[in-house]
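A.B. asks: Structure supplied as model36.csv; contents: CSV, C-alpha atoms.
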```csv
chain,number,residue,atom,x,y,z
U,1,MET,CA,104.3,74.7,-4.9
U,2,ILE,CA,107.1,72.3,-3.7
U,3,ASN,CA,109.5,74.1,-6.0
U,4,GLN,CA,108.4,77.5,-4.8
U,5,ILE,CA,109.0,76.5,-1.2
U,6,ALA,CA,112.4,75.2,-2.1
U,7,ALA,CA,113.3,78.4,-3.9
U,8,ALA,CA,112.1,80.5,-0.9
U,9,ALA,CA,114.0,78.4,1.6
U,10,LYS,CA,117.0,78.0,-0.7
U,11,ARG,CA,117.2,74.2,0.0
U,12,THR,CA,115.9,71.0,-1.3
U,13,VAL,CA,112.4,70.0,-0.1
U,14,SER,CA,111.6,66.3,-0.1
U,15,ARG,CA,108.1,65.0,-0.9
U,16,GLU,CA,107.8,63.8,2.7
U,17,THR,CA,108.5,67.4,3.9
U,18,PHE,CA,106.0,68.9,1.5
U,19,ALA,CA,103.4,66.3,2.5
U,20,ARG,CA,103.9,67.4,6.1
U,21,ILE,CA,103.4,71.1,5.2
U,22,GLU,CA,100.3,70.2,3.2
U,23,LYS,CA,98.9,68.5,6.3
U,24,TYR,CA,99.7,71.5,8.4
U,25,VAL,CA,97.9,73.8,6.0
U,26,GLU,CA,94.9,71.5,6.0
U,27,LEU,CA,94.7,71.4,9.8
U,28,LEU,CA,95.3,75.2,10.0
U,29,ARG,CA,92.4,76.0,7.7
U,30,ARG,CA,90.2,73.6,9.6
U,31,GLU,CA,91.1,75.2,13.0
U,32,ALA,CA,90.8,78.8,11.6
U,33,VAL,CA,87.1,78.2,11.5
U,34,ARG,CA,87.1,77.6,15.3
U,35,GLN,CA,89.5,80.3,16.4
U,36,ASN,CA,91.0,83.4,14.8
U,37,LEU,CA,94.4,82.0,13.9
U,38,ILE,CA,94.8,83.8,10.6
U,39,SER,CA,92.9,86.6,9.0
U,40,ALA,CA,89.8,85.3,7.2
U,41,SER,CA,90.9,87.3,4.1
U,42,THR,CA,94.1,85.2,3.8
U,43,VAL,CA,92.6,81.7,4.2
U,44,GLU,CA,92.4,81.2,0.4
U,45,THR,CA,95.9,82.6,-0.1
U,46,VAL,CA,97.5,80.7,2.8
U,47,TRP,CA,100.3,79.2,0.6
U,48,ASP,CA,101.7,82.5,-0.6
U,49,ARG,CA,100.7,84.8,2.2
U,50,HIS,CA,101.8,82.5,5.1
U,51,VAL,CA,103.7,79.4,4.0
U,52,LEU,CA,106.1,80.9,1.5
U,53,ASP,CA,106.4,84.0,3.7
U,54,SER,CA,107.5,81.7,6.6
U,55,ALA,CA,109.6,79.3,4.5
U,56,GLN,CA,111.9,82.1,3.2
U,57,LEU,CA,113.3,82.6,6.8
U,58,VAL,CA,115.0,79.2,6.6
U,59,GLN,CA,117.6,80.7,4.2
U,60,PHE,CA,119.1,82.6,7.1
U,61,GLU,CA,119.9,79.5,9.2
U,62,PRO,CA,123.6,79.9,10.0
U,63,LYS,CA,124.4,76.1,10.1
U,64,ALA,CA,122.6,72.8,9.7
U,65,GLY,CA,120.9,71.7,12.9
U,66,SER,CA,120.6,75.2,14.3
U,67,ALA,CA,118.4,75.7,17.4
U,68,TRP,CA,115.5,78.0,16.6
U,69,VAL,CA,113.1,79.9,18.8
U,70,ASP,CA,110.0,81.5,17.3
U,71,ILE,CA,108.5,84.3,19.4
U,72,GLY,CA,104.7,84.7,19.4
U,73,SER,CA,104.2,81.6,17.2
U,74,GLY,CA,100.4,82.0,17.2
U,75,ALA,CA,99.2,79.7,14.4
U,76,GLY,CA,102.6,78.3,13.9
U,77,LEU,CA,103.8,81.0,11.5
U,78,PRO,CA,106.7,80.9,10.9
U,79,GLY,CA,107.6,78.4,13.6
U,80,LEU,CA,105.9,75.3,12.4
U,81,VAL,CA,106.7,75.9,8.7
U,82,VAL,CA,110.4,76.4,9.7
U,83,ALA,CA,110.2,73.2,11.9
U,84,CYS,CA,109.1,71.2,8.8
U,85,LEU,CA,112.1,72.5,6.8
U,86,VAL,CA,115.0,72.4,9.3
U,87,ASP,CA,116.6,69.5,11.1
U,88,GLY,CA,117.4,71.2,14.5
U,89,PRO,CA,115.3,71.8,17.6
U,90,VAL,CA,112.6,74.5,17.4
U,91,ALA,CA,110.9,76.1,20.4
U,92,LEU,CA,107.6,77.8,19.8
U,93,VAL,CA,106.9,80.6,22.4
U,94,GLU,CA,103.1,81.4,22.6
U,95,PRO,CA,101.5,82.8,25.8
U,96,ARG,CA,97.8,82.3,24.7
U,97,ARG,CA,96.4,79.0,26.0
U,98,LEU,CA,94.2,78.1,23.0
U,99,ARG,CA,97.0,78.8,20.5
U,100,ALA,CA,99.6,77.0,22.6
U,101,GLU,CA,97.2,74.0,22.7
U,102,PHE,CA,96.8,74.2,18.9
U,103,LEU,CA,100.6,74.3,18.4
U,104,GLN,CA,101.0,71.2,20.6
U,105,LYS,CA,98.4,69.3,18.7
U,106,MET,CA,100.1,70.2,15.4
U,107,ILE,CA,103.5,69.0,16.7
U,108,VAL,CA,101.9,65.6,17.5
U,109,ALA,CA,99.9,65.5,14.2
U,110,LEU,CA,103.0,66.4,12.2
U,111,ASP,CA,105.2,63.9,14.0
U,112,LEU,CA,107.6,66.6,15.2
U,113,SER,CA,107.6,65.8,19.0
U,114,ALA,CA,111.2,64.7,19.0
U,115,ARG,CA,112.6,68.1,18.3
U,116,VAL,CA,109.8,70.7,18.5
U,117,SER,CA,108.4,72.1,21.8
U,118,VAL,CA,106.0,74.8,23.0
U,119,GLN,CA,106.7,77.2,25.8
U,120,GLN,CA,103.3,78.7,26.9
U,121,VAL,CA,104.8,81.9,28.4
U,122,ASN,CA,105.4,85.5,27.5
U,123,ALA,CA,108.7,86.0,25.6
U,124,GLN,CA,110.3,87.6,28.7
U,125,ARG,CA,109.9,84.3,30.6
U,126,ALA,CA,111.0,82.0,27.7
U,127,GLN,CA,114.1,79.9,28.4
U,128,GLY,CA,117.1,78.7,26.4
U,129,LYS,CA,119.8,80.0,24.1
U,130,TYR,CA,119.2,79.8,20.4
U,131,ASP,CA,121.1,80.1,17.1
U,132,VAL,CA,118.1,81.7,15.3
U,133,ILE,CA,115.3,83.9,16.7
U,134,SER,CA,112.3,84.5,14.5
U,135,ALA,CA,109.1,86.5,15.1
U,136,ARG,CA,106.3,87.5,12.7
U,137,ALA,CA,103.9,90.3,13.4
U,138,VAL,CA,104.7,90.4,17.2
U,139,ALA,CA,106.1,93.8,18.1
U,140,SER,CA,108.3,96.6,16.9
U,141,LEU,CA,112.0,95.7,16.5
U,142,SER,CA,112.9,97.7,19.6
U,143,LYS,CA,110.3,95.9,21.7
U,144,LEU,CA,111.2,92.6,20.3
U,145,PHE,CA,114.9,93.0,21.1
U,146,GLU,CA,113.9,94.1,24.6
U,147,ILE,CA,111.7,91.1,25.4
U,148,SER,CA,113.8,88.3,23.8
U,149,GLN,CA,117.5,89.4,23.9
U,150,HIS,CA,118.0,87.0,26.8
U,151,LEU,CA,117.4,84.1,24.4
U,152,SER,CA,120.3,85.1,22.1
U,153,THR,CA,124.1,84.7,22.1
U,154,GLY,CA,126.6,86.9,20.4
U,155,ASN,CA,126.3,84.8,17.3
U,156,THR,CA,122.5,84.5,17.2
U,157,VAL,CA,120.8,85.3,13.8
U,158,TRP,CA,117.6,87.3,14.1
U,159,ALA,CA,115.3,86.7,11.1
U,160,LEU,CA,112.4,89.1,11.4
U,161,PRO,CA,109.9,89.8,8.7
U,162,LYS,CA,108.8,93.4,9.2
U,163,GLY,CA,106.7,94.2,6.1
U,164,ARG,CA,106.8,97.6,4.7
U,165,SER,CA,107.9,99.3,7.9
U,166,ALA,CA,111.2,97.4,8.1
U,167,LEU,CA,113.5,100.3,7.3
U,168,GLU,CA,111.7,102.7,9.6
U,169,GLU,CA,111.6,100.3,12.5
U,170,LEU,CA,115.3,99.4,12.0
U,171,ALA,CA,116.3,103.1,12.1
U,172,GLU,CA,114.3,103.6,15.3
U,173,ALA,CA,115.7,100.4,16.9
U,174,GLN,CA,119.3,101.5,16.2
U,175,GLN,CA,118.9,104.4,18.4
U,176,ALA,CA,119.1,102.1,21.4
U,177,TRP,CA,120.4,98.8,19.9
U,178,GLN,CA,123.5,97.9,18.1
U,179,GLY,CA,124.4,94.9,15.9
U,180,VAL,CA,125.2,94.0,12.3
U,181,PHE,CA,122.0,94.4,10.3
U,182,HIS,CA,120.9,94.0,6.7
U,183,VAL,CA,117.5,94.1,5.0
U,184,GLU,CA,116.3,91.5,2.5
U,185,ARG,CA,113.3,91.9,0.2
U,186,SER,CA,110.5,89.4,0.8
U,187,VAL,CA,109.8,86.8,-1.9
U,188,THR,CA,106.1,87.3,-1.3
U,189,ASP,CA,105.9,91.1,-1.6
U,190,ASP,CA,108.3,93.4,-3.4
U,191,GLU,CA,107.5,96.2,-0.9
U,192,SER,CA,108.0,94.1,2.2
U,193,TYR,CA,111.3,93.3,3.9
U,194,ILE,CA,113.0,91.0,6.4
U,195,VAL,CA,115.4,92.5,8.9
U,196,VAL,CA,118.4,90.1,9.5
U,197,GLY,CA,120.7,90.9,12.5
U,198,THR,CA,123.6,89.4,14.4
U,199,GLY,CA,125.4,90.6,17.5
U,200,VAL,CA,122.3,92.4,18.8
U,201,GLY,CA,122.8,94.2,22.1
U,202,VAL,CA,122.0,97.3,23.9
U,203,LYS,CA,124.1,100.3,22.9
U,204,PRO,CA,126.5,101.4,25.7
U,205,ARG,CA,125.6,104.7,27.2
```
Represent the structure of the file as structure tokens.

C.D. replies:
Amino acid sequence: MINQIAAAAKRTVSRETFARIEKYVELLRREAVRQNLISASTVETVWDRHVLDSAQLVQFEPKAGSAWVDIGSGAGLPGLVVACLVDGPVALVEPRRLRAEFLQKMIVALDLSARVSVQQVNAQRAQGKYDVISARAVASLSKLFEISQHLSTGNTVWALPKGRSALEELAEAQQAWQGVFHVERSVTDDESYIVVGTGVGVKPR
């Protein structure tokens, strides 16, 4: 699995990093019994369905040490997996109290407190400017741009797994939003895609 993660992220993964991800998966499975963090049907396929699906976003990091923000982190997907694989600061935005508390516990358990933080707010109230914005299963592209554009700069990379609706959502979003976009096939599902964008902004009227 360490080689699969490295291939998905397109970077070397140390044994220490892999051990950290293993610990996260163990704690995630344990907590999933207490609260609905991930679908029960995906608990047994967590490595492919969630870890690899999250790890592949790391390939879009524009530079080493980039600052990331993950909108609607929930169970820490993709945010905590990304945090294990990158070197820069990562902000996890999650409005729900129980999930925000889980994320904070994971940060401590995984020894990530020095560079990973939780903002327990709605995306519209999140603060900061980031090199990369990620979000998984949060909202439509149009809505996502609307609620989190204030966190971006002209150079921010948006890395947004959108499943099988990617092309449809992108076409809809481009009616009101401009930017440079391309779509990448997911490594975990041949029919799912990731929308990657830069220079995202509202189209002038």

A.B. asks: I'd like the neighbourhood of U:Leu151 as a list of chain:residue names, where a residue qualifies if any of its atoms comes within 10 Å (using all atoms listed in the file), though same-chain residues fewer than 6 positions away should be ignored.

C.D. replies: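 What passes the distance filter is U:Val69, U:Ala123, U:Gln124, U:Arg125, U:Ala126, U:Gln127, U:Gly128, U:Lys129, U:Tyr130, U:Asp131, U:Val132, U:Ile133, U:Phe145.
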
A.B. asks: Which of these residues is nearest to U:Leu144, using only C-alpha atoms: U:Asp111, U:Glu169, U:Asp87, U:Glu61?

C.D. replies: U:Glu169

A.B. asks: So what do you get for atom CA of U:Val51 versus atom CA of U:Val81, distance-wise?

C.D. replies: 6.6 Å

A.B. asks: One decimal, in Å: what's the spacing between atom CA of U:Trp68 and atom CA of U:Gln149?

C.D. replies: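 Taking atom CA of U:Trp68 and atom CA of U:Gln149, their separation equals 13.7 Å.
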
A.B. asks: Which distance in Å separates atom CA of U:Ala100 and atom CA of U:Ala64, to one decimal?

C.D. replies: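 Straight-line distance from atom CA of U:Ala100 to atom CA of U:Ala64 works out to 26.7 Å.
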
A.B. asks: Looking at U:Lys105, U:Lys143, U:Arg34, U:Arg20, which one is nearest to U:Leu85, with distances taken over only C-alpha atoms?

C.D. replies: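 Counting only C-alpha atoms, the residue closest to U:Leu85 is U:Arg20.
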
A.B. asks: With only C-alpha atoms as the basis for distance, which of U:Ala8, U:Val82, U:Ile71, U:Val157 is at the shortest distance from U:Val138?

C.D. replies: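 The answer is U:Ile71, which sits nearest to U:Val138.
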
A.B. asks: So that I can check the surroundings of U:Glu168, please list as a list in words every protein, DNA and RNA residue that reaches within 12 Å of it, counting only C-alpha atoms and ignoring chain neighbours fewer than 3 positions away.

C.D. replies: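 That gives Ser140, Leu141, Ser142, Lys162, Gly163, Arg164, Ser165, Ala171, Glu172, Ala173, Gln174, Gln175, Val183, Ser192, Tyr193 and Val195 of chain U.
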